[in-house]
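Below is query.cif, which holds mmCIF, C-alpha atoms, pLDDT in the B column; chains and numbers go by the auth columns.
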data_final
loop_
_atom_site.group_PDB
_atom_site.id
_atom_site.type_symbol
_atom_site.label_atom_id
_atom_site.label_comp_id
_atom_site.label_asym_id
_atom_site.label_seq_id
_atom_site.Cartn_x
_atom_site.Cartn_y
_atom_site.Cartn_z
_atom_site.B_iso_or_equiv
_atom_site.auth_seq_id
_atom_site.auth_asym_id
ATOM 1 C CA MET A 1 41.406 -29.097 -64.240 53.00 1 Y
ATOM 2 C CA PRO A 2 37.918 -29.329 -62.720 59.00 2 Y
ATOM 3 C CA ASP A 3 35.107 -27.176 -64.018 61.00 3 Y
ATOM 4 C CA PRO A 4 34.482 -24.029 -61.971 66.00 4 Y
ATOM 5 C CA LEU A 5 31.239 -24.054 -59.971 73.00 5 Y
ATOM 6 C CA LYS A 6 28.500 -22.400 -61.996 80.00 6 Y
ATOM 7 C CA TRP A 7 25.828 -20.540 -60.076 83.00 7 Y
ATOM 8 C CA THR A 8 22.592 -19.841 -61.801 88.00 8 Y
ATOM 9 C CA ARG A 9 20.299 -17.069 -60.697 88.00 9 Y
ATOM 10 C CA ARG A 10 17.762 -19.673 -59.582 88.00 10 Y
ATOM 11 C CA ALA A 11 20.361 -21.439 -57.384 86.00 11 Y
ATOM 12 C CA VAL A 12 21.350 -18.146 -55.713 88.00 12 Y
ATOM 13 C CA LEU A 13 17.707 -17.278 -55.021 90.00 13 Y
ATOM 14 C CA ARG A 14 17.071 -20.764 -53.587 91.00 14 Y
ATOM 15 C CA LEU A 15 20.073 -20.384 -51.300 90.00 15 Y
ATOM 16 C CA ALA A 16 18.926 -16.908 -50.197 92.00 16 Y
ATOM 17 C CA TRP A 17 15.388 -18.124 -49.422 94.00 17 Y
ATOM 18 C CA GLY A 18 16.821 -21.067 -47.495 92.00 18 Y
ATOM 19 C CA GLY A 19 18.895 -18.648 -45.397 91.00 19 Y
ATOM 20 C CA ILE A 20 15.885 -16.431 -44.733 93.00 20 Y
ATOM 21 C CA ILE A 21 13.768 -19.396 -43.642 92.00 21 Y
ATOM 22 C CA ALA A 22 16.548 -20.735 -41.398 90.00 22 Y
ATOM 23 C CA ALA A 23 17.073 -17.321 -39.767 89.00 23 Y
ATOM 24 C CA GLY A 24 13.325 -16.975 -39.214 87.00 24 Y
ATOM 25 C CA ALA A 25 13.101 -20.421 -37.642 87.00 25 Y
ATOM 26 C CA LEU A 26 15.967 -19.644 -35.251 87.00 26 Y
ATOM 27 C CA THR A 27 14.297 -16.374 -34.245 86.00 27 Y
ATOM 28 C CA ILE A 28 10.868 -17.766 -33.394 87.00 28 Y
ATOM 29 C CA GLU A 29 11.673 -19.406 -30.025 86.00 29 Y
ATOM 30 C CA PRO A 30 13.406 -16.369 -28.409 83.00 30 Y
ATOM 31 C CA LEU A 31 10.716 -14.072 -29.777 82.00 31 Y
ATOM 32 C CA VAL A 32 7.912 -16.184 -28.291 84.00 32 Y
ATOM 33 C CA LYS A 33 9.757 -16.339 -24.926 84.00 33 Y
ATOM 34 C CA TYR A 34 10.153 -12.547 -24.931 80.00 34 Y
ATOM 35 C CA LEU A 35 6.534 -11.846 -25.865 81.00 35 Y
ATOM 36 C CA THR A 36 5.118 -14.264 -23.269 81.00 36 Y
ATOM 37 C CA SER A 37 7.502 -13.273 -20.441 76.00 37 Y
ATOM 38 C CA GLN A 38 5.909 -12.360 -17.120 70.00 38 Y
ATOM 39 C CA GLU A 39 9.079 -10.638 -15.860 66.00 39 Y
ATOM 40 C CA ASP A 40 7.683 -7.096 -15.727 62.00 40 Y
ATOM 41 C CA HIS A 41 4.130 -8.063 -14.789 62.00 41 Y
ATOM 42 C CA ARG A 42 3.432 -7.614 -11.110 53.00 42 Y
ATOM 43 C CA GLN A 43 1.267 -10.306 -9.620 67.00 43 Y
ATOM 44 C CA SER A 44 -0.161 -8.014 -6.954 74.00 44 Y
ATOM 45 C CA PRO A 45 0.246 -4.314 -6.199 79.00 45 Y
ATOM 46 C CA LEU A 46 0.869 -5.225 -2.542 82.00 46 Y
ATOM 47 C CA VAL A 47 4.425 -5.903 -1.405 82.00 47 Y
ATOM 48 C CA VAL A 48 5.300 -7.124 2.102 83.00 48 Y
ATOM 49 C CA TYR A 49 8.604 -6.093 3.687 82.00 49 Y
ATOM 50 C CA ASN A 50 9.580 -8.217 6.718 82.00 50 Y
ATOM 51 C CA LYS A 51 13.179 -7.162 7.392 82.00 51 Y
ATOM 52 C CA LEU A 52 14.324 -4.914 10.230 79.00 52 Y
ATOM 53 C CA LEU A 53 14.392 -1.261 9.151 77.00 53 Y
ATOM 54 C CA ASN A 54 16.450 0.977 11.432 74.00 54 Y
ATOM 55 C CA GLN A 55 15.703 4.674 11.894 73.00 55 Y
ATOM 56 C CA ASN A 56 17.728 6.916 9.577 76.00 56 Y
ATOM 57 C CA SER A 57 18.595 3.898 7.452 78.00 57 Y
ATOM 58 C CA ASP A 58 19.539 4.165 3.810 86.00 58 Y
ATOM 59 C CA TRP A 59 17.258 2.870 1.042 89.00 59 Y
ATOM 60 C CA GLN A 60 16.776 -0.906 1.196 86.00 60 Y
ATOM 61 C CA ASP A 61 15.509 -3.148 -1.576 86.00 61 Y
ATOM 62 C CA ALA A 62 12.119 -4.556 -0.588 82.00 62 Y
ATOM 63 C CA SER A 63 11.578 -7.198 -3.266 74.00 63 Y
ATOM 64 C CA LYS A 64 11.693 -8.053 -6.929 71.00 64 Y
ATOM 65 C CA ALA A 65 8.919 -5.509 -7.521 77.00 65 Y
ATOM 66 C CA ARG A 66 11.393 -2.611 -7.808 87.00 66 Y
ATOM 67 C CA VAL A 67 10.276 -1.287 -4.422 90.00 67 Y
ATOM 68 C CA TRP A 68 12.702 0.335 -1.969 91.00 68 Y
ATOM 69 C CA VAL A 69 12.001 1.451 1.612 91.00 69 Y
ATOM 70 C CA LYS A 70 13.627 3.869 4.025 89.00 70 Y
ATOM 71 C CA ARG A 71 12.977 5.027 7.589 87.00 71 Y
ATOM 72 C CA ASP A 72 13.756 8.521 8.869 85.00 72 Y
ATOM 73 C CA SER A 73 12.731 10.457 11.981 83.00 73 Y
ATOM 74 C CA LEU A 74 9.261 11.139 10.507 85.00 74 Y
ATOM 75 C CA GLY A 75 8.422 7.550 9.556 86.00 75 Y
ATOM 76 C CA VAL A 76 8.729 5.038 6.739 89.00 76 Y
ATOM 77 C CA MET A 77 8.621 5.848 3.029 90.00 77 Y
ATOM 78 C CA ALA A 78 8.672 3.699 -0.102 91.00 78 Y
ATOM 79 C CA LEU A 79 9.404 4.372 -3.731 92.00 79 Y
ATOM 80 C CA VAL A 80 9.279 2.411 -6.961 91.00 80 Y
ATOM 81 C CA ALA A 81 12.666 2.361 -8.707 91.00 81 Y
ATOM 82 C CA THR A 82 11.315 2.792 -12.222 91.00 82 Y
ATOM 83 C CA CYS A 83 12.729 5.620 -14.340 91.00 83 Y
ATOM 84 C CA THR A 84 10.136 8.220 -15.245 90.00 84 Y
ATOM 85 C CA HIS A 85 11.668 8.592 -18.715 89.00 85 Y
ATOM 86 C CA LEU A 86 11.026 5.186 -20.327 88.00 86 Y
ATOM 87 C CA GLY A 87 10.484 2.785 -17.416 87.00 87 Y
ATOM 88 C CA CYS A 88 13.922 1.216 -16.959 89.00 88 Y
ATOM 89 C CA GLU A 89 14.816 -0.046 -13.500 91.00 89 Y
ATOM 90 C CA VAL A 90 17.042 2.491 -11.752 93.00 90 Y
ATOM 91 C CA ASN A 91 19.814 1.420 -9.389 91.00 91 Y
ATOM 92 C CA TYR A 92 20.599 3.016 -6.049 92.00 92 Y
ATOM 93 C CA HIS A 93 24.260 3.826 -5.357 92.00 93 Y
ATOM 94 C CA PRO A 94 24.646 4.445 -1.608 91.00 94 Y
ATOM 95 C CA GLU A 95 28.203 5.737 -1.924 92.00 95 Y
ATOM 96 C CA LYS A 96 27.022 8.549 -4.228 91.00 96 Y
ATOM 97 C CA LYS A 97 23.562 8.888 -2.608 91.00 97 Y
ATOM 98 C CA GLU A 98 22.073 8.804 -6.122 94.00 98 Y
ATOM 99 C CA TRP A 99 19.742 6.723 -8.252 93.00 99 Y
ATOM 100 C CA LEU A 100 21.144 6.030 -11.723 94.00 100 Y
ATOM 101 C CA CYS A 101 19.279 4.845 -14.808 92.00 101 Y
ATOM 102 C CA PRO A 102 21.452 2.495 -16.882 91.00 102 Y
ATOM 103 C CA CYS A 103 19.385 2.975 -20.048 89.00 103 Y
ATOM 104 C CA HIS A 104 19.509 6.696 -20.832 90.00 104 Y
ATOM 105 C CA GLY A 105 21.627 8.209 -18.077 90.00 105 Y
ATOM 106 C CA SER A 106 19.038 9.866 -15.861 93.00 106 Y
ATOM 107 C CA VAL A 107 20.356 10.692 -12.396 93.00 107 Y
ATOM 108 C CA TYR A 108 18.133 11.183 -9.343 94.00 108 Y
ATOM 109 C CA ASP A 109 19.121 12.494 -5.909 93.00 109 Y
ATOM 110 C CA VAL A 110 18.785 10.396 -2.739 91.00 110 Y
ATOM 111 C CA GLU A 111 15.077 11.324 -2.453 91.00 111 Y
ATOM 112 C CA GLY A 112 14.317 10.420 -6.083 91.00 112 Y
ATOM 113 C CA ARG A 113 14.192 13.923 -7.597 92.00 113 Y
ATOM 114 C CA PRO A 114 15.752 14.171 -11.092 93.00 114 Y
ATOM 115 C CA ILE A 115 19.156 15.881 -11.204 93.00 115 Y
ATOM 116 C CA SER A 116 20.154 15.305 -14.830 92.00 116 Y
ATOM 117 C CA GLY A 117 19.197 13.343 -17.905 90.00 117 Y
ATOM 118 C CA PRO A 118 15.908 12.982 -19.743 92.00 118 Y
ATOM 119 C CA ALA A 119 13.756 11.936 -16.731 88.00 119 Y
ATOM 120 C CA PRO A 120 10.891 14.450 -16.373 90.00 120 Y
ATOM 121 C CA LYS A 121 9.546 13.586 -12.881 92.00 121 Y
ATOM 122 C CA THR A 122 10.588 12.266 -9.493 93.00 122 Y
ATOM 123 C CA LEU A 123 10.617 8.544 -8.789 93.00 123 Y
ATOM 124 C CA PRO A 124 7.093 7.559 -7.703 93.00 124 Y
ATOM 125 C CA ARG A 125 6.461 7.369 -3.956 93.00 125 Y
ATOM 126 C CA VAL A 126 3.913 4.779 -2.913 92.00 126 Y
ATOM 127 C CA ALA A 127 1.811 4.181 0.186 92.00 127 Y
ATOM 128 C CA VAL A 128 3.336 2.174 3.008 90.00 128 Y
ATOM 129 C CA GLU A 129 1.625 1.008 6.181 89.00 129 Y
ATOM 130 C CA LEU A 130 3.099 -0.516 9.342 85.00 130 Y
ATOM 131 C CA GLN A 131 1.365 -3.798 10.223 86.00 131 Y
ATOM 132 C CA ALA A 132 0.701 -5.151 13.735 85.00 132 Y
ATOM 133 C CA ASP A 133 3.434 -7.791 13.355 86.00 133 Y
ATOM 134 C CA GLY A 134 6.030 -5.103 12.544 81.00 134 Y
ATOM 135 C CA SER A 135 6.150 -5.778 8.815 85.00 135 Y
ATOM 136 C CA LEU A 136 5.424 -3.151 6.177 88.00 136 Y
ATOM 137 C CA MET A 137 2.607 -3.394 3.645 88.00 137 Y
ATOM 138 C CA ILE A 138 3.511 -1.401 0.517 89.00 138 Y
ATOM 139 C CA ASN A 139 0.768 -0.579 -1.981 89.00 139 Y
ATOM 140 C CA THR A 140 2.467 0.105 -5.322 86.00 140 Y
ATOM 141 C CA ALA A 141 -0.870 0.999 -6.936 87.00 141 Y
ATOM 142 C CA LYS A 142 -1.337 4.014 -4.651 89.00 142 Y
ATOM 143 C CA GLN A 143 1.052 6.880 -5.366 89.00 143 Y
ATOM 144 C CA VAL A 144 1.591 9.468 -2.644 90.00 144 Y
ATOM 145 C CA GLY A 145 3.488 12.741 -2.256 85.00 145 Y
ATOM 146 C CA MET A 146 7.142 13.149 -1.268 81.00 146 Y
ATOM 147 C CA GLU A 147 6.160 14.145 2.271 82.00 147 Y
ATOM 148 C CA PHE A 148 4.107 10.997 2.967 79.00 148 Y
ATOM 149 C CA ARG A 149 5.379 8.686 5.705 79.00 149 Y
ATOM 150 C CA GLY A 150 3.772 5.518 6.953 76.00 150 Y
#
Would you encode the structure as structure tokens?
Amino acid sequence: MPDPLKWTRRAVLRLAWGGIIAAGALTIEPLVKYLTSQEDHRQSPLVVYNKLLNQNSDWQDASKARVWVKRDSLGVMALVATCTHLGCEVNYHPEKKEWLCPCHGSVYDVEGRPISGPAPKTLPRVAVELQADGSLMINTAKQVGMEFRG
């Protein structure tokens, strides 16, 4: 009968340190990618919207900058779809006429006012200006009131 494997305390500690070093090495690449990601960094506060926007349209996604636009009888408005609780991107659900935050459950009405959840303020409205060529220039750095129309 073969001898049972004998583990010394030193062998167990060596194995544990080897596991820690291996886990650390496997974690470095994803951590560096996450820390150097430019995903949430806007290149410019100006967003151009070139699509046709009908009067009394529902909210339409303007770009990858979390900007949405809408036209009503008073003009054009734009908002940034970033939850006022912790900054998650909120999603618009046209069938419910609500904005929903997938992170912590905040719910906003069709105009971006909080209905329920931890969100303390309305979704930020930003300045929008109609250009001569018919496109919209949205300035995400300039917040405006709910009544503002471009």
May I have a table of the residues of segment 61-108 of chain Y lying at most 10 Å from segment 114-133 of chain Y, giving each one's closest pair of atoms and their distance in Å to one decimal, counting only C-alpha atoms, ordered by chain and ascending residue number, as a tab-separated table?
residue	atom	partner	partner_atom	distance
Y:Val67	CA	Y:Val126	CA	8.9
Y:Trp68	CA	Y:Arg125	CA	9.6
Y:Val69	CA	Y:Val128	CA	8.8
Y:Gly75	CA	Y:Leu130	CA	9.7
Y:Val76	CA	Y:Val128	CA	7.2
Y:Met77	CA	Y:Val128	CA	6.4
Y:Ala78	CA	Y:Val126	CA	5.6
Y:Leu79	CA	Y:Arg125	CA	4.2
Y:Val80	CA	Y:Pro124	CA	5.6
Y:Ala81	CA	Y:Leu123	CA	6.5
Y:Thr82	CA	Y:Leu123	CA	6.7
Y:Cys83	CA	Y:Leu123	CA	6.6
Y:Thr84	CA	Y:Ala119	CA	5.4
Y:His85	CA	Y:Ala119	CA	4.4
Y:Leu86	CA	Y:Ala119	CA	8.1
Y:Gly87	CA	Y:Ala119	CA	9.7
Y:Val90	CA	Y:Leu123	CA	9.3
Y:Glu98	CA	Y:Ile115	CA	9.2
Y:Trp99	CA	Y:Pro114	CA	8.9
Y:Leu100	CA	Y:Gly117	CA	9.8
Y:Cys101	CA	Y:Gly117	CA	9.0
Y:His104	CA	Y:Gly117	CA	7.3
Y:Gly105	CA	Y:Gly117	CA	5.7
Y:Ser106	CA	Y:Gly117	CA	4.0
Y:Val107	CA	Y:Ser116	CA	5.2
Y:Tyr108	CA	Y:Pro114	CA	4.2
- request: Figure out the distance between atom CA of Gly150 of chain Y and atom CA of Leu74 of chain Y, please, to one decimal in Å.
  value: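 So the answer is 8.6 Å.
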- request: Would you write out, as a list of chain:residue names, every residue that the PyMOL selection byres ((chain Y and resi 49-54) around 6) captures in this file?
  value: Y:Val48, Y:Gln55, Y:Ser57, Y:Ala62, Y:Ser135, Y:Leu136
query: How many Å separate atom CA of Glu95 of chain Y from atom CA of Gln60 of chain Y?
result: 13.6 Å
Final N, CA and C atoms of segment 3-21 of chain Y as an mmCIF file, keeping the file's coordinate frame:
data_model
loop_
_atom_site.group_PDB
_atom_site.id
_atom_site.type_symbol
_atom_site.label_atom_id
_atom_site.label_comp_id
_atom_site.auth_asym_id
_atom_site.auth_seq_id
_atom_site.Cartn_x
_atom_site.Cartn_y
_atom_site.Cartn_z
ATOM 1 N N ASP Y 3 35.938 -28.300 -63.575
ATOM 2 C CA ASP Y 3 35.107 -27.176 -64.018
ATOM 3 C C ASP Y 3 34.796 -26.257 -62.842
ATOM 4 N N PRO Y 4 34.861 -24.942 -63.053
ATOM 5 C CA PRO Y 4 34.482 -24.029 -61.971
ATOM 6 C C PRO Y 4 32.986 -24.176 -61.674
ATOM 7 N N LEU Y 5 32.628 -23.937 -60.403
ATOM 8 C CA LEU Y 5 31.239 -24.054 -59.971
ATOM 9 C C LEU Y 5 30.423 -22.975 -60.659
ATOM 10 N N LYS Y 6 29.336 -23.367 -61.293
ATOM 11 C CA LYS Y 6 28.500 -22.400 -61.996
ATOM 12 C C LYS Y 6 27.237 -22.165 -61.187
ATOM 13 N N TRP Y 7 27.020 -20.925 -60.832
ATOM 14 C CA TRP Y 7 25.828 -20.540 -60.076
ATOM 15 C C TRP Y 7 24.835 -19.906 -61.023
ATOM 16 N N THR Y 8 23.656 -20.461 -61.027
ATOM 17 C CA THR Y 8 22.592 -19.841 -61.801
ATOM 18 C C THR Y 8 21.840 -18.888 -60.888
ATOM 19 N N ARG Y 9 21.093 -18.009 -61.486
ATOM 20 C CA ARG Y 9 20.299 -17.069 -60.697
ATOM 21 C C ARG Y 9 19.300 -17.816 -59.820
ATOM 22 N N ARG Y 10 18.721 -18.865 -60.333
ATOM 23 C CA ARG Y 10 17.762 -19.673 -59.582
ATOM 24 C C ARG Y 10 18.419 -20.321 -58.366
ATOM 25 N N ALA Y 11 19.650 -20.809 -58.500
ATOM 26 C CA ALA Y 11 20.361 -21.439 -57.384
ATOM 27 C C ALA Y 11 20.671 -20.415 -56.299
ATOM 28 N N VAL Y 12 21.057 -19.212 -56.689
ATOM 29 C CA VAL Y 12 21.350 -18.146 -55.713
ATOM 30 C C VAL Y 12 20.079 -17.761 -54.961
ATOM 31 N N LEU Y 13 18.974 -17.629 -55.676
ATOM 32 C CA LEU Y 13 17.707 -17.278 -55.021
ATOM 33 C C LEU Y 13 17.248 -18.383 -54.074
ATOM 34 N N ARG Y 14 17.418 -19.652 -54.472
ATOM 35 C CA ARG Y 14 17.071 -20.764 -53.587
ATOM 36 C C ARG Y 14 17.904 -20.720 -52.304
ATOM 37 N N LEU Y 15 19.186 -20.472 -52.454
ATOM 38 C CA LEU Y 15 20.073 -20.384 -51.300
ATOM 39 C C LEU Y 15 19.670 -19.207 -50.392
ATOM 40 N N ALA Y 16 19.346 -18.077 -50.979
ATOM 41 C CA ALA Y 16 18.926 -16.908 -50.197
ATOM 42 C C ALA Y 16 17.634 -17.196 -49.438
ATOM 43 N N TRP Y 17 16.645 -17.791 -50.093
ATOM 44 C CA TRP Y 17 15.388 -18.124 -49.422
ATOM 45 C C TRP Y 17 15.617 -19.144 -48.306
ATOM 46 N N GLY Y 18 16.490 -20.092 -48.536
ATOM 47 C CA GLY Y 18 16.821 -21.067 -47.495
ATOM 48 C C GLY Y 18 17.430 -20.384 -46.278
ATOM 49 N N GLY Y 19 18.306 -19.410 -46.499
ATOM 50 C CA GLY Y 19 18.895 -18.648 -45.397
ATOM 51 C C GLY Y 19 17.868 -17.832 -44.641
ATOM 52 N N ILE Y 20 16.946 -17.217 -45.362
ATOM 53 C CA ILE Y 20 15.885 -16.431 -44.733
ATOM 54 C C ILE Y 20 14.988 -17.325 -43.880
ATOM 55 N N ILE Y 21 14.625 -18.467 -44.385
ATOM 56 C CA ILE Y 21 13.768 -19.396 -43.642
ATOM 57 C C ILE Y 21 14.500 -19.920 -42.405
#
